[in-house]
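Engineer: Here's a structure for you.
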Amino acid sequence: MFAEIEEIKKQCEEEIISLQRQIYMAKRSLFFRWDSKAIIQQAEAKVEKIQELLVKLEGLTDQIVPVVNDIKEIIGYKKAKQM
């Protein structure tokens with residue numbers, strides 16, 4: 001589960017970087033397209049939403065870790081060693 005969360009965070013960071021490049025290219029374009037403003041606004045909104053959700057995810061992760069650790073302690077969870 002934690003590996004999936006980390007993978008999601010990584011993909012979100014990559015998407016944010018991609019969107020920031022899109023914004024930069026749209027702003028710096030030699031020929032300002034008629035729809036550039038809309039493209040920039042959509043990309044900025046998407047970046048903002050992703051960042052908000054990452055903050056929420058981080059908060060939830062901080063809440064989940066102690067619960068999972070307590071459950072593991074109570075049931076005597078031992079990770080099986082794979083060879």
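Ordering of the structure tokens sets the chain letters (A, B, ...); residue numbers start at 1 within each chain; ligands are numbered from 1 in the order shown.
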Leaving out segment 61-66 of chain A and any residue of its chain fewer than 5 positions from it, which residues lie within 9 Å of it when counting only C-alpha atoms, given as a count of residues only?
Structural biologist: 4
Engineer: To one decimal place, how far is atom CA of Ile40 of chain A from atom CA of Arg21 of chain A in Å?
Structural biologist: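 About the pair atom CA of Ile40 of chain A and atom CA of Arg21 of chain A: they are 10.4 Å apart.
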Engineer: Would you pick out the contacts of Glu14 of chain A at 12 Å or less, using only C-alpha atoms, so that residues sharing its chain but fewer than 6 positions from it are not included, and give the list as a PDB file with C-alpha atoms, in the first residue's frame?
Structural biologist:
```pdb
ATOM      1  CA  GLU A   7       4.258   5.797  -6.763  1.00  0.00           C
ATOM      2  CA  ILE A   8       1.219   8.085  -6.892  1.00  0.00           C
ATOM      3  CA  GLN A  20       4.600  23.723 -15.515  1.00  0.00           C
ATOM      4  CA  ARG A  21       6.506  23.190 -18.765  1.00  0.00           C
ATOM      5  CA  VAL A  47      -1.440  21.911 -10.812  1.00  0.00           C
ATOM      6  CA  ILE A  50      -2.894  18.055  -7.655  1.00  0.00           C
ATOM      7  CA  GLN A  51      -0.952  19.960  -4.998  1.00  0.00           C
TER       8      GLN A  51
END
```
Engineer: Let's see if you can do this: from backbone DSSP, list all helix (DSSP H, G or I) residues in segment 16-61 of chain A, as a PyMOL selection string.
Structural biologist: chain A and resi 16-28+36-61
Engineer: Those residues with N, CA and C atoms, as an mmCIF file, in the first residue's frame please?
Structural biologist:
```
data_model
loop_
_atom_site.group_PDB
_atom_site.id
_atom_site.type_symbol
_atom_site.label_atom_id
_atom_site.label_comp_id
_atom_site.auth_asym_id
_atom_site.auth_seq_id
_atom_site.Cartn_x
_atom_site.Cartn_y
_atom_site.Cartn_z
ATOM 1 N N ILE A 16 3.047 17.501 -12.422
ATOM 2 C CA ILE A 16 3.189 18.922 -12.099
ATOM 3 C C ILE A 16 4.309 19.541 -12.929
ATOM 4 N N ILE A 17 5.427 18.851 -13.021
ATOM 5 C CA ILE A 17 6.550 19.350 -13.822
ATOM 6 C C ILE A 17 6.136 19.490 -15.283
ATOM 7 N N SER A 18 5.430 18.502 -15.798
ATOM 8 C CA SER A 18 4.961 18.545 -17.185
ATOM 9 C C SER A 18 4.011 19.725 -17.410
ATOM 10 N N LEU A 19 3.097 19.931 -16.483
ATOM 11 C CA LEU A 19 2.150 21.039 -16.606
ATOM 12 C C LEU A 19 2.859 22.387 -16.510
ATOM 13 N N GLN A 20 3.848 22.478 -15.632
ATOM 14 C CA GLN A 20 4.600 23.723 -15.515
ATOM 15 C C GLN A 20 5.361 24.023 -16.805
ATOM 16 N N ARG A 21 5.854 22.997 -17.463
ATOM 17 C CA ARG A 21 6.506 23.190 -18.765
ATOM 18 C C ARG A 21 5.496 23.688 -19.798
ATOM 19 N N GLN A 22 4.304 23.094 -19.773
ATOM 20 C CA GLN A 22 3.241 23.524 -20.692
ATOM 21 C C GLN A 22 2.923 24.999 -20.486
ATOM 22 N N ILE A 23 2.798 25.387 -19.230
ATOM 23 C CA ILE A 23 2.493 26.779 -18.900
ATOM 24 C C ILE A 23 3.606 27.690 -19.403
ATOM 25 N N TYR A 24 4.833 27.309 -19.131
ATOM 26 C CA TYR A 24 5.981 28.105 -19.557
ATOM 27 C C TYR A 24 6.002 28.260 -21.076
ATOM 28 N N MET A 25 5.804 27.152 -21.781
ATOM 29 C CA MET A 25 5.835 27.192 -23.246
ATOM 30 C C MET A 25 4.680 28.037 -23.798
ATOM 31 N N ALA A 26 3.519 27.945 -23.177
ATOM 32 C CA ALA A 26 2.372 28.731 -23.645
ATOM 33 C C ALA A 26 2.600 30.225 -23.417
ATOM 34 N N LYS A 27 3.252 30.566 -22.304
ATOM 35 C CA LYS A 27 3.518 31.975 -22.002
ATOM 36 C C LYS A 27 4.635 32.537 -22.870
ATOM 37 N N ARG A 28 5.598 31.708 -23.210
ATOM 38 C CA ARG A 28 6.781 32.170 -23.935
ATOM 39 C C ARG A 28 6.709 31.932 -25.440
ATOM 40 N N SER A 36 -4.290 30.215 -25.847
ATOM 41 C CA SER A 36 -3.198 30.066 -24.875
ATOM 42 C C SER A 36 -3.639 30.403 -23.455
ATOM 43 N N LYS A 37 -4.434 31.455 -23.317
ATOM 44 C CA LYS A 37 -4.883 31.853 -21.982
ATOM 45 C C LYS A 37 -5.695 30.735 -21.325
ATOM 46 N N ALA A 38 -6.567 30.110 -22.084
ATOM 47 C CA ALA A 38 -7.381 29.009 -21.551
ATOM 48 C C ALA A 38 -6.505 27.809 -21.201
ATOM 49 N N ILE A 39 -5.530 27.521 -22.051
ATOM 50 C CA ILE A 39 -4.613 26.403 -21.784
ATOM 51 C C ILE A 39 -3.843 26.651 -20.496
ATOM 52 N N ILE A 40 -3.352 27.875 -20.334
ATOM 53 C CA ILE A 40 -2.593 28.236 -19.132
ATOM 54 C C ILE A 40 -3.473 28.112 -17.895
ATOM 55 N N GLN A 41 -4.692 28.628 -17.963
ATOM 56 C CA GLN A 41 -5.601 28.573 -16.815
ATOM 57 C C GLN A 41 -5.943 27.137 -16.437
ATOM 58 N N GLN A 42 -6.191 26.296 -17.427
ATOM 59 C CA GLN A 42 -6.512 24.893 -17.151
ATOM 60 C C GLN A 42 -5.327 24.181 -16.516
ATOM 61 N N ALA A 43 -4.137 24.421 -17.039
ATOM 62 C CA ALA A 43 -2.940 23.777 -16.497
ATOM 63 C C ALA A 43 -2.668 24.253 -15.077
ATOM 64 N N GLU A 44 -2.822 25.556 -14.831
ATOM 65 C CA GLU A 44 -2.608 26.090 -13.483
ATOM 66 C C GLU A 44 -3.624 25.519 -12.500
ATOM 67 N N ALA A 45 -4.871 25.387 -12.927
ATOM 68 C CA ALA A 45 -5.911 24.814 -12.063
ATOM 69 C C ALA A 45 -5.598 23.356 -11.744
ATOM 70 N N LYS A 46 -5.125 22.633 -12.743
ATOM 71 C CA LYS A 46 -4.784 21.223 -12.542
ATOM 72 C C LYS A 46 -3.609 21.080 -11.574
ATOM 73 N N VAL A 47 -2.593 21.936 -11.722
ATOM 74 C CA VAL A 47 -1.440 21.911 -10.812
ATOM 75 C C VAL A 47 -1.902 22.187 -9.386
ATOM 76 N N GLU A 48 -2.745 23.201 -9.222
ATOM 77 C CA GLU A 48 -3.238 23.559 -7.896
ATOM 78 C C GLU A 48 -4.023 22.407 -7.265
ATOM 79 N N LYS A 49 -4.880 21.767 -8.041
ATOM 80 C CA LYS A 49 -5.690 20.650 -7.530
ATOM 81 C C LYS A 49 -4.801 19.470 -7.140
ATOM 82 N N ILE A 50 -3.813 19.155 -7.972
ATOM 83 C CA ILE A 50 -2.894 18.055 -7.655
ATOM 84 C C ILE A 50 -2.151 18.353 -6.363
ATOM 85 N N GLN A 51 -1.679 19.596 -6.212
ATOM 86 C CA GLN A 51 -0.952 19.960 -4.998
ATOM 87 C C GLN A 51 -1.841 19.860 -3.762
ATOM 88 N N GLU A 52 -3.092 20.292 -3.877
ATOM 89 C CA GLU A 52 -4.034 20.172 -2.757
ATOM 90 C C GLU A 52 -4.239 18.710 -2.374
ATOM 91 N N LEU A 53 -4.423 17.868 -3.374
ATOM 92 C CA LEU A 53 -4.655 16.446 -3.107
ATOM 93 C C LEU A 53 -3.413 15.771 -2.532
ATOM 94 N N LEU A 54 -2.235 16.201 -2.954
ATOM 95 C CA LEU A 54 -1.002 15.651 -2.378
ATOM 96 C C LEU A 54 -0.891 15.994 -0.898
ATOM 97 N N VAL A 55 -1.288 17.209 -0.536
ATOM 98 C CA VAL A 55 -1.272 17.605 0.877
ATOM 99 C C VAL A 55 -2.243 16.734 1.671
ATOM 100 N N LYS A 56 -3.435 16.510 1.124
ATOM 101 C CA LYS A 56 -4.416 15.644 1.788
ATOM 102 C C LYS A 56 -3.884 14.220 1.917
ATOM 103 N N LEU A 57 -3.263 13.721 0.856
ATOM 104 C CA LEU A 57 -2.705 12.370 0.867
ATOM 105 C C LEU A 57 -1.623 12.244 1.928
ATOM 106 N N GLU A 58 -0.783 13.253 2.032
ATOM 107 C CA GLU A 58 0.281 13.239 3.039
ATOM 108 C C GLU A 58 -0.315 13.199 4.446
ATOM 109 N N GLY A 59 -1.378 13.988 4.662
ATOM 110 C CA GLY A 59 -2.050 13.990 5.961
ATOM 111 C C GLY A 59 -2.657 12.637 6.288
ATOM 112 N N LEU A 60 -3.281 12.025 5.306
ATOM 113 C CA LEU A 60 -3.867 10.701 5.520
ATOM 114 C C LEU A 60 -2.791 9.654 5.773
ATOM 115 N N THR A 61 -1.686 9.757 5.062
ATOM 116 C CA THR A 61 -0.582 8.818 5.257
ATOM 117 C C THR A 61 -0.052 8.928 6.679
#
```
